[in-house]
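**Q** Structure file run_4.csv (CSV, C-alpha atoms and all ligand atoms) is given on the next line.
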chain,number,residue,atom,x,y,z
A,1016,MET,CA,29.6,-27.8,-69.3
A,1017,GLN,CA,29.4,-30.2,-66.4
A,1018,PRO,CA,32.5,-30.8,-64.3
A,1019,ASP,CA,34.7,-33.8,-65.4
A,1020,LEU,CA,37.8,-34.2,-63.4
A,1021,ARG,CA,40.6,-36.8,-62.6
A,1022,ILE,CA,42.0,-36.9,-59.2
A,1023,THR,CA,44.4,-39.2,-57.2
A,1024,LEU,CA,42.6,-42.3,-55.8
A,1025,PRO,CA,41.1,-41.3,-52.4
A,1026,ASP,CA,41.7,-42.8,-49.0
A,1027,ASP,CA,39.1,-43.3,-46.2
A,1028,TRP,CA,40.7,-42.4,-42.9
A,1029,HIS,CA,37.8,-43.8,-40.7
A,1030,VAL,CA,35.6,-46.7,-41.6
A,1031,HIS,CA,33.7,-49.5,-39.8
A,1032,LEU,CA,33.7,-52.7,-41.8
A,1033,ARG,CA,32.4,-55.0,-39.0
A,1034,ASP,CA,33.0,-58.8,-39.3
A,1035,ASP,CA,31.6,-62.0,-40.7
A,1036,GLU,CA,28.7,-61.7,-43.3
A,1037,MET,CA,28.5,-57.9,-42.8
A,1038,LEU,CA,32.2,-57.5,-43.5
A,1039,GLU,CA,31.7,-59.7,-46.6
A,1040,ALA,CA,28.9,-57.5,-47.8
A,1041,VAL,CA,30.4,-54.1,-47.2
A,1042,ALA,CA,34.2,-54.5,-47.7
A,1043,GLY,CA,34.0,-54.3,-51.5
A,1044,HIS,CA,32.4,-50.9,-51.4
A,1045,THR,CA,35.3,-49.4,-49.6
A,1046,ALA,CA,38.0,-51.4,-51.6
A,1047,ARG,CA,36.5,-50.3,-54.9
A,1048,ARG,CA,36.6,-46.6,-54.1
A,1049,PHE,CA,39.6,-46.1,-51.7
A,1050,GLY,CA,43.3,-47.0,-51.9
A,1051,ARG,CA,43.7,-47.1,-48.1
A,1052,ALA,CA,41.3,-47.2,-45.2
A,1053,MET,CA,41.7,-46.8,-41.5
A,1054,ILE,CA,39.7,-49.7,-40.1
A,1055,MET,CA,38.0,-49.1,-36.8
A,1056,PRO,CA,38.6,-51.6,-34.0
A,1057,ASN,CA,35.3,-51.5,-32.2
A,1058,LEU,CA,34.3,-55.1,-32.9
A,1059,ASP,CA,32.8,-57.1,-30.1
A,1060,PRO,CA,35.2,-57.9,-28.4
A,1061,PRO,CA,37.4,-55.0,-29.6
A,1062,ILE,CA,40.7,-55.3,-31.4
A,1063,THR,CA,43.3,-54.7,-28.6
A,1064,THR,CA,46.3,-56.7,-29.6
A,1065,VAL,CA,48.5,-56.8,-32.7
A,1066,ALA,CA,47.7,-60.5,-33.2
A,1067,GLN,CA,44.0,-59.6,-33.3
A,1068,ALA,CA,44.7,-56.7,-35.7
A,1069,ASN,CA,46.7,-59.0,-38.0
A,1070,ASP,CA,43.9,-61.6,-38.1
A,1071,TYR,CA,41.3,-58.9,-38.7
A,1072,ARG,CA,43.3,-57.4,-41.5
A,1073,ALA,CA,43.5,-60.8,-43.2
A,1074,ARG,CA,39.7,-61.2,-43.0
A,1075,VAL,CA,39.2,-57.7,-44.4
A,1076,LEU,CA,41.6,-58.4,-47.3
A,1077,ASP,CA,39.8,-61.7,-48.0
A,1078,ALA,CA,36.4,-60.0,-48.0
A,1079,ALA,CA,37.6,-57.1,-50.2
A,1080,ALA,CA,39.2,-59.4,-52.7
A,1081,ALA,CA,36.1,-61.6,-52.9
A,1082,ALA,CA,33.7,-58.7,-53.3
A,1083,SER,CA,35.5,-56.0,-55.3
A,1084,GLY,CA,36.4,-57.9,-58.4
A,1085,ASP,CA,39.0,-55.2,-58.8
A,1086,THR,CA,42.8,-55.4,-59.3
A,1087,ARG,CA,43.5,-52.2,-57.4
A,1088,PRO,CA,45.6,-53.0,-54.3
A,1089,PHE,CA,43.5,-52.2,-51.2
A,1090,ASP,CA,45.6,-51.4,-48.1
A,1091,PRO,CA,43.7,-51.6,-44.8
A,1092,LYS,CA,45.4,-49.7,-42.0
A,1093,MET,CA,44.8,-51.3,-38.6
A,1094,VAL,CA,44.0,-49.6,-35.3
A,1095,LEU,CA,44.1,-50.8,-31.7
A,1096,TYR,CA,41.3,-49.9,-29.2
A,1097,LEU,CA,42.7,-48.1,-26.2
A,1098,THR,CA,41.7,-50.0,-23.1
A,1099,ALA,CA,43.3,-50.6,-19.7
A,1100,ASP,CA,44.5,-54.0,-21.1
A,1101,LEU,CA,46.5,-52.5,-24.0
A,1102,SER,CA,50.1,-53.5,-23.9
A,1103,ILE,CA,52.6,-50.7,-24.7
A,1104,ASP,CA,55.2,-53.2,-25.8
A,1105,ASP,CA,52.8,-55.0,-28.1
A,1106,LEU,CA,51.7,-51.7,-29.6
A,1107,ILE,CA,55.2,-50.4,-30.2
A,1108,ARG,CA,56.3,-53.7,-31.8
A,1109,GLY,CA,53.2,-53.8,-34.0
A,1110,HIS,CA,53.6,-50.2,-35.1
A,1111,GLN,CA,57.3,-50.8,-35.9
A,1112,ALA,CA,56.4,-53.9,-37.9
A,1113,GLY,CA,53.7,-51.9,-39.9
A,1114,SER,CA,50.9,-54.0,-38.5
A,1115,VAL,CA,49.2,-51.2,-36.6
A,1116,LEU,CA,49.0,-47.6,-37.6
A,1117,ALA,CA,47.2,-45.9,-34.8
A,1118,VAL,CA,45.3,-46.2,-31.5
A,1119,LYS,CA,41.6,-45.2,-31.0
A,1120,TYR,CA,40.1,-43.7,-27.9
A,1121,TYR,CA,36.4,-44.2,-27.3
A,1122,PRO,CA,34.7,-42.6,-24.3
A,1123,ALA,CA,32.8,-45.5,-22.6
A,1124,GLY,CA,29.2,-45.6,-23.8
A,1125,ALA,CA,29.5,-42.9,-26.5
A,1126,THR,CA,28.7,-45.1,-29.5
A,1127,THR,CA,28.4,-48.5,-31.0
A,1128,ASN,CA,30.6,-51.1,-29.1
A,1129,SER,CA,32.2,-48.4,-27.0
A,1130,ALA,CA,31.6,-50.2,-23.7
A,1131,SER,CA,35.3,-51.1,-23.4
A,1132,GLY,CA,36.3,-47.4,-23.7
A,1133,GLY,CA,37.7,-45.0,-21.1
A,1134,THR,CA,36.3,-42.4,-18.8
A,1135,SER,CA,39.3,-40.0,-19.1
A,1136,ILE,CA,41.9,-39.9,-21.9
A,1137,ILE,CA,44.6,-38.5,-19.7
A,1138,SER,CA,44.3,-41.6,-17.4
A,1139,PHE,CA,46.1,-43.4,-20.2
A,1140,LYS,CA,49.1,-41.0,-20.0
A,1141,PRO,CA,51.8,-43.8,-19.9
A,1142,VAL,CA,50.4,-45.2,-23.2
A,1143,LEU,CA,50.1,-41.7,-24.7
A,1144,GLU,CA,53.6,-40.8,-23.8
A,1145,ALA,CA,54.9,-44.0,-25.4
A,1146,MET,CA,52.8,-43.2,-28.5
A,1147,ALA,CA,54.2,-39.6,-28.7
A,1148,GLU,CA,57.7,-41.0,-28.4
A,1149,HIS,CA,57.2,-43.5,-31.2
A,1150,GLY,CA,55.1,-41.3,-33.5
A,1151,ILE,CA,51.9,-43.4,-33.1
A,1152,PRO,CA,48.8,-41.2,-33.8
A,1153,LEU,CA,45.9,-41.1,-31.3
A,1154,LEU,CA,42.4,-41.2,-33.0
A,1155,VAL,CA,39.7,-39.8,-30.8
A,1156,HIS,CA,35.9,-40.1,-30.7
A,1157,ALA,CA,35.4,-36.7,-29.2
A,1158,GLU,CA,32.1,-36.8,-27.4
A,1159,ALA,CA,31.3,-36.3,-23.7
A,1160,THR,CA,28.9,-38.9,-22.3
A,1161,SER,CA,27.4,-37.2,-19.2
A,1162,ALA,CA,23.7,-37.5,-19.1
A,1163,GLU,CA,23.7,-33.9,-17.9
A,1164,LEU,CA,24.9,-32.6,-21.2
A,1165,ASP,CA,22.7,-31.7,-24.1
A,1166,ILE,CA,23.3,-34.0,-27.0
A,1167,PHE,CA,24.2,-31.1,-29.4
A,1168,ASP,CA,26.8,-29.8,-26.9
A,1169,ARG,CA,28.7,-33.0,-26.3
A,1170,GLU,CA,31.6,-32.6,-28.8
A,1171,ALA,CA,32.4,-29.1,-27.7
A,1172,ALA,CA,32.3,-30.2,-24.0
A,1173,PHE,CA,34.6,-33.1,-24.6
A,1174,LEU,CA,37.1,-30.9,-26.5
A,1175,GLU,CA,37.3,-28.5,-23.6
A,1176,THR,CA,37.4,-31.0,-20.7
A,1177,GLU,CA,39.3,-33.9,-22.3
A,1178,MET,CA,41.0,-33.0,-25.6
A,1179,GLN,CA,42.6,-29.6,-24.7
A,1180,PRO,CA,44.4,-31.0,-21.6
A,1181,VAL,CA,45.9,-33.8,-23.7
A,1182,CYS,CA,47.0,-31.5,-26.5
A,1183,GLU,CA,48.6,-29.2,-23.9
A,1184,GLU,CA,50.3,-31.8,-21.8
A,1185,LEU,CA,51.5,-33.9,-24.7
A,1186,PRO,CA,52.2,-31.5,-27.5
A,1187,GLU,CA,54.4,-34.1,-29.3
A,1188,LEU,CA,51.4,-36.6,-29.5
A,1189,SER,CA,49.8,-36.7,-33.0
A,1190,VAL,CA,46.0,-36.4,-32.5
A,1191,THR,CA,43.2,-36.8,-35.0
A,1192,VAL,CA,39.8,-35.6,-33.8
A,1193,GLU,CA,37.6,-37.9,-35.8
A,1194,HIS,CA,34.3,-37.1,-37.5
A,1195,LEU,CA,34.4,-33.4,-36.6
A,1196,SER,CA,30.8,-32.3,-36.2
A,1197,THR,CA,31.0,-28.7,-34.9
A,1198,ALA,CA,32.6,-25.3,-35.4
A,1199,ALA,CA,34.3,-25.9,-32.0
A,1200,GLY,CA,36.0,-29.0,-33.4
A,1201,VAL,CA,37.3,-27.1,-36.4
A,1202,ALA,CA,38.6,-24.4,-34.0
A,1203,LEU,CA,40.4,-26.9,-31.8
A,1204,VAL,CA,42.1,-28.5,-34.7
A,1205,ARG,CA,43.3,-25.1,-35.9
A,1206,SER,CA,44.7,-24.2,-32.5
A,1207,TYR,CA,47.1,-27.1,-31.9
A,1208,ALA,CA,50.0,-27.8,-34.3
A,1209,ASN,CA,50.0,-31.6,-33.9
A,1210,THR,CA,46.2,-32.0,-34.2
A,1211,SER,CA,44.2,-32.8,-37.3
A,1212,GLY,CA,40.5,-33.6,-38.0
A,1213,SER,CA,38.6,-36.0,-40.3
A,1214,ILE,CA,35.2,-35.0,-41.6
A,1215,THR,CA,32.4,-37.3,-42.9
A,1216,PRO,CA,30.3,-36.9,-46.0
A,1217,HIS,CA,27.1,-36.7,-43.9
A,1218,HIS,CA,28.4,-33.9,-41.6
A,1219,LEU,CA,29.4,-32.0,-44.7
A,1220,SER,CA,26.1,-32.4,-46.5
A,1221,CYS,CA,23.4,-32.3,-43.7
A,1222,ASP,CA,22.4,-30.3,-40.7
A,1223,ARG,CA,20.1,-31.2,-37.8
A,1224,SER,CA,17.1,-29.8,-39.6
A,1225,ASP,CA,17.6,-32.5,-42.2
A,1226,LEU,CA,17.6,-35.0,-39.4
A,1227,LEU,CA,14.6,-33.6,-37.5
A,1228,ALA,CA,12.6,-30.9,-39.3
A,1229,ASN,CA,10.5,-32.8,-41.9
A,1230,GLY,CA,9.9,-36.0,-40.1
A,1231,MET,CA,12.6,-37.7,-38.0
A,1232,ARG,CA,15.1,-39.4,-40.3
A,1233,PRO,CA,16.6,-42.5,-38.5
A,1234,HIS,CA,19.0,-43.1,-41.4
A,1235,LEU,CA,20.7,-39.7,-40.7
A,1236,TYR,CA,21.2,-40.6,-37.0
A,1237,CYS,CA,24.8,-41.0,-36.0
A,1238,LYS,CA,27.3,-40.2,-33.3
A,1239,PRO,CA,28.4,-37.5,-32.9
A,1240,VAL,CA,25.0,-36.3,-33.9
A,1241,ILE,CA,24.6,-34.1,-37.0
A,1242,ASN,CA,24.6,-30.5,-35.6
A,1243,SER,CA,23.5,-27.0,-36.6
A,1244,ARG,CA,23.7,-25.3,-40.0
A,1245,THR,CA,26.4,-23.0,-38.5
A,1246,ASP,CA,28.4,-26.1,-37.6
A,1247,ARG,CA,27.9,-27.7,-41.0
A,1248,ASP,CA,29.1,-24.5,-42.7
A,1249,ALA,CA,32.2,-24.4,-40.5
A,1250,LEU,CA,33.0,-28.0,-41.5
A,1251,ARG,CA,32.5,-27.1,-45.2
A,1252,ALA,CA,34.8,-24.1,-44.9
A,1253,ALA,CA,37.5,-26.3,-43.3
A,1254,ALA,CA,37.1,-29.1,-45.9
A,1255,VAL,CA,37.3,-26.7,-48.9
A,1256,SER,CA,40.1,-24.6,-47.4
A,1257,GLY,CA,42.9,-26.8,-48.6
A,1258,ASP,CA,44.2,-26.8,-45.0
A,1259,LYS,CA,46.3,-30.0,-44.7
A,1260,ARG,CA,44.9,-30.7,-41.3
A,1261,PHE,CA,41.5,-31.6,-42.6
A,1262,PHE,CA,40.7,-34.8,-44.6
A,1263,LEU,CA,38.0,-37.3,-45.4
A,1264,GLY,CA,37.1,-40.1,-43.0
A,1265,THR,CA,33.7,-41.4,-44.0
A,1266,ASP,CA,32.7,-43.1,-40.6
A,1267,SER,CA,30.7,-45.5,-42.8
A,1268,ALA,CA,29.0,-47.7,-40.3
A,1269,PRO,CA,26.5,-50.3,-41.5
A,1270,HIS,CA,23.6,-51.3,-39.3
A,1271,PRO,CA,20.8,-53.8,-40.2
A,1272,LEU,CA,17.7,-51.9,-41.3
A,1273,ALA,CA,15.7,-53.4,-38.5
A,1274,THR,CA,18.0,-51.6,-35.9
A,1275,LYS,CA,17.7,-48.3,-37.8
A,1276,GLU,CA,13.9,-48.4,-38.0
A,1277,ALA,CA,13.1,-49.3,-34.5
A,1278,GLU,CA,11.9,-47.9,-31.1
A,1279,VAL,CA,15.5,-47.1,-30.2
A,1280,VAL,CA,17.6,-46.4,-33.3
A,1281,ARG,CA,21.3,-47.4,-33.6
A,1282,ALA,CA,23.8,-44.6,-34.4
A,1283,GLY,CA,25.6,-45.0,-37.7
A,1284,ILE,CA,25.3,-44.1,-41.4
A,1285,PHE,CA,26.4,-46.5,-44.2
A,1286,ASN,CA,27.9,-44.2,-46.8
A,1287,ALA,CA,30.8,-46.1,-48.3
A,1288,PRO,CA,29.1,-46.8,-51.6
A,1289,TYR,CA,28.4,-43.1,-52.4
A,1290,ALA,CA,30.7,-41.2,-50.1
A,1291,LEU,CA,32.7,-39.7,-52.9
A,1292,GLU,CA,29.6,-38.6,-54.8
A,1293,VAL,CA,28.3,-36.8,-51.7
A,1294,VAL,CA,31.6,-35.0,-51.1
A,1295,ALA,CA,32.0,-34.1,-54.7
A,1296,GLU,CA,28.6,-32.5,-54.7
A,1297,VAL,CA,29.4,-30.5,-51.6
A,1298,PHE,CA,32.6,-29.2,-53.2
A,1299,TYR,CA,30.7,-28.5,-56.4
A,1300,GLN,CA,28.1,-26.5,-54.4
A,1301,GLU,CA,30.9,-24.6,-52.7
A,1302,GLY,CA,32.6,-23.8,-56.0
A,1303,ALA,CA,35.7,-25.6,-54.8
A,1304,LEU,CA,36.2,-28.7,-56.9
A,1305,GLY,CA,39.8,-27.7,-57.4
A,1306,ASP,CA,40.4,-28.5,-53.7
A,1307,LEU,CA,38.5,-31.8,-53.7
A,1308,GLU,CA,41.7,-33.9,-54.3
A,1309,ARG,CA,43.5,-32.4,-51.4
A,1310,PHE,CA,40.7,-33.3,-49.0
A,1311,VAL,CA,39.9,-36.8,-50.2
A,1312,SER,CA,43.3,-38.0,-51.5
A,1313,ILE,CA,46.3,-36.0,-50.3
A,1314,ASN,CA,46.0,-34.4,-46.8
A,1315,GLY,CA,45.2,-37.7,-44.9
A,1316,ALA,CA,47.9,-39.7,-46.6
A,1317,VAL,CA,50.5,-37.1,-45.9
A,1318,ARG,CA,49.3,-36.7,-42.3
A,1319,TYR,CA,49.8,-40.5,-41.7
A,1320,GLY,CA,53.2,-40.6,-43.5
A,1321,PHE,CA,52.2,-42.1,-46.8
A,1322,GLU,CA,52.7,-41.0,-50.4
A,1323,PRO,CA,49.3,-40.3,-52.1
A,1324,SER,CA,48.3,-43.0,-54.5
A,1325,ASP,CA,49.7,-43.1,-58.0
A,1326,LYS,CA,46.3,-44.1,-59.4
A,1327,LEU,CA,43.6,-41.8,-60.6
A,1328,ILE,CA,39.8,-41.9,-60.6
A,1329,ARG,CA,37.5,-39.9,-62.8
A,1330,LEU,CA,34.5,-38.0,-61.4
A,1331,ARG,CA,32.0,-36.6,-63.9
A,1332,ARG,CA,28.8,-34.6,-63.0
A,1333,ARG,CA,26.0,-35.7,-65.1
A,1334,SER,CA,24.0,-33.3,-67.3
A,1335,GLU,CA,20.3,-32.8,-66.7
A,1336,GLU,CA,19.5,-34.6,-70.0
A,1337,GLU,CA,21.2,-37.8,-68.9
A,1338,VAL,CA,18.7,-40.3,-67.5
A,1339,ALA,CA,18.8,-41.0,-63.8
A,1340,LYS,CA,20.6,-44.3,-63.2
A,1341,ASP,CA,18.7,-45.1,-60.0
A,1342,PRO,CA,21.5,-46.7,-58.1
A,1343,PRO,CA,20.6,-49.2,-55.4
A,1344,ALA,CA,19.4,-47.8,-52.1
A,1345,ASP,CA,19.9,-50.9,-50.0
A,1346,LEU,CA,22.7,-53.4,-49.6
A,1347,VAL,CA,21.6,-57.0,-48.8
A,1348,THR,CA,24.0,-59.4,-47.0
A,1349,SER,CA,24.3,-63.1,-47.7
A,1350,GLU,CA,21.9,-63.7,-44.8
A,1351,GLY,CA,19.3,-61.4,-46.3
A,1352,VAL,CA,20.0,-58.5,-43.9
A,1353,ARG,CA,19.3,-55.1,-45.5
A,1354,VAL,CA,21.4,-52.0,-44.9
A,1355,ARG,CA,20.3,-48.5,-46.1
A,1356,MET,CA,22.9,-46.6,-48.2
A,1357,PHE,CA,23.4,-42.8,-47.7
A,1358,GLY,CA,23.9,-40.6,-50.8
A,1359,VAL,CA,21.6,-42.0,-53.4
A,1360,ALA,CA,20.6,-38.5,-54.7
A,1361,GLU,CA,24.2,-37.6,-55.1
A,1362,ALA,CA,24.9,-40.9,-56.8
A,1363,ASN,CA,22.4,-39.9,-59.4
A,1364,LEU,CA,24.3,-36.7,-60.0
A,1365,TRP,CA,27.8,-38.1,-60.3
A,1366,THR,CA,29.5,-40.9,-62.3
A,1367,ILE,CA,32.8,-42.2,-60.8
A,1368,ALA,CA,35.1,-44.6,-62.4
B,1,ZN,ZN,33.2,-44.3,-36.3
Please go through the file and, once you have read it, give me the structure as structure tokens.

**A**
Amino acid sequence: MQPDLRITLPDDWHVHLRDDEMLEAVAGHTARRFGRAMIMPNLDPPITTVAQANDYRARVLDAAAAASGDTRPFDPKMVLYLTADLSIDDLIRGHQAGSVLAVKYYPAGATTNSASGGTSIISFKPVLEAMAEHGIPLLVHAEATSAELDIFDREAAFLETEMQPVCEELPELSVTVEHLSTAAGVALVRSYANTSGSITPHHLSCDRSDLLANGMRPHLYCKPVINSRTDRDALRAAAVSGDKRFFLGTDSAPHPLATKEAEVVRAGIFNAPYALEVVAEVFYQEGALGDLERFVSINGAVRYGFEPSDKLIRLRRRSEEEVAKDPPADLVTSEGVRVRMFGVAEANLWTIA
């Protein structure tokens, strides 16, 4: 008997929807599968004011409505990019009005459109103190950027030099370490009461041998980089544990195929279309489907102060006799730009409606 379950409609607590024709092409994939989504602000230029966030949210809703063909209400949650220009008054007003949910810290140079980011989180202490006072969560891309550091050690290094001091100096500040990629990240989240962690489908399902051992796989290249099998297994253990501090954030990040198959490959994996199939397969392999709903639909909503959705989705694992449905492997924008989708194999194993 193959699994057949109904769970609360999931939320995606970390997604890149981009803008313009890429936004139009990808927004429906997130809106069809998720009730809420935390929309990353690393556009070029970044979203740093509440007015920009409101405008971007309207564009996201337009693109989602045009593409999804679905009556489900989709609720994008907006985020401001932490830069030296961020106005504390604007942030607090926007948060109180419900326009902005959180603030994102990027280390300068760590990933796509992170040039506006900081060189030290604690240098933003006045903003962080105001956030702690007003209950505004800090979302962190936890990756050291020093050229001296090995790429596989960068998350752990950042946690030690940047994250721990913030957690200790500002224990009231709500912190989400995003896209956890290491056992060290899981351990940090477990050691501070006000800290939580999002985990991606690709960090749960792959390790660095998948990335590098049988030919180099540019479509598995992301930041923070997919790490060791030990790290993957620590992430799986955290995800299936039911611990309310861990929840799904896909970090779905579309890049044109031409920039993923290139001399220098852009970091990012577009997983929104099949993210739930990938995570369902991980939980199935772990014998933990009973904990799937907590990870994808409950923990994150509660963490950010929302009721879990009152809608349900059905996930059914297909029997071996059922014919493979061969879901699309690429998305094509209105301008003819192709984007490779992650999780086609799992999409052949699971039916979600
Ligand atoms: Zn991201």

**Q** When you look at Leu1291 of chain A with a cut-off of 12 Å (counting only C-alpha atoms), what residues show up, excluding the ones that are within fewer than 6 positions of it in the same chain? I need them as a PyMOL selection string.

**A** chain A and resi 1022+1024-1027+1044-1045+1047-1049+1215-1217+1219-1220+1263-1265+1267+1297-1299+1307-1308+1310-1312+1328-1332+1357-1359+1361-1362+1364-1368

**Q** Which is closer to Asp1246 of chain A than all the others in A:Ala1171, A:Val1181, A:Leu1188, A:Ala1162, using all atoms listed in the file?

**A** A:Ala1171

**Q** Residues contacting ligand ZN 1 (chain B) - anything with an atom at most 12 Å away, using all atoms listed in the file - can you give me those as number ranges by chain?

**A** A: 1027-1033, 1053-1058, 1119-1121, 1125-1129, 1154-1158, 1192-1195, 1213-1215, 1237-1240, 1264-1269, 1282-1286

**Q** Give the answer as one residue: which of A:Glu1278, A:Asn1314, A:Asn1363, A:Val1201 has the shortest atom-to-atom distance to Asp1341 of chain A, using all atoms listed in the file?

**A**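 For Asp1341 of chain A, the nearest of the candidates is A:Asn1363.
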
**Q** So how far away is atom CA of Asn1209 of chain A from atom CA of Thr1160 of chain A, in Å?

**A**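 Rounded to one decimal, the two atoms are 25.2 Å apart.
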
**Q** Closest to Gly1305 of chain A among A:Arg1281, A:Gly1257, A:Leu1226, A:Gly1050, using only C-alpha atoms?

**A**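 Checking each candidate against Gly1305 of chain A, we get A:Gly1257 as the closest.
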
**Q** List the spatial neighbours of segment 1102-1113 of chain A as a list in words - criterion: any atom at most 7 Å away, only C-alpha atoms, same-chain residues fewer than 2 positions off excluded.

**A**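 Near neighbours after the sequence-gap exclusion: Thr1064, Val1065, Asp1100, Val1115, Leu1116 and Val1142 of chain A.
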
**Q** Report the distance between atom CA of Arg1244 of chain A and atom CA of Leu1203 of chain A in Å, rounded to one decimal place.

**A** 18.7 Å

**Q** Atom CA of Phe1321 of chain A and atom CA of Thr1098 of chain A are how many Å apart?

**A**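 We find that atom CA of Phe1321 of chain A and atom CA of Thr1098 of chain A lie 27.1 Å from each other.
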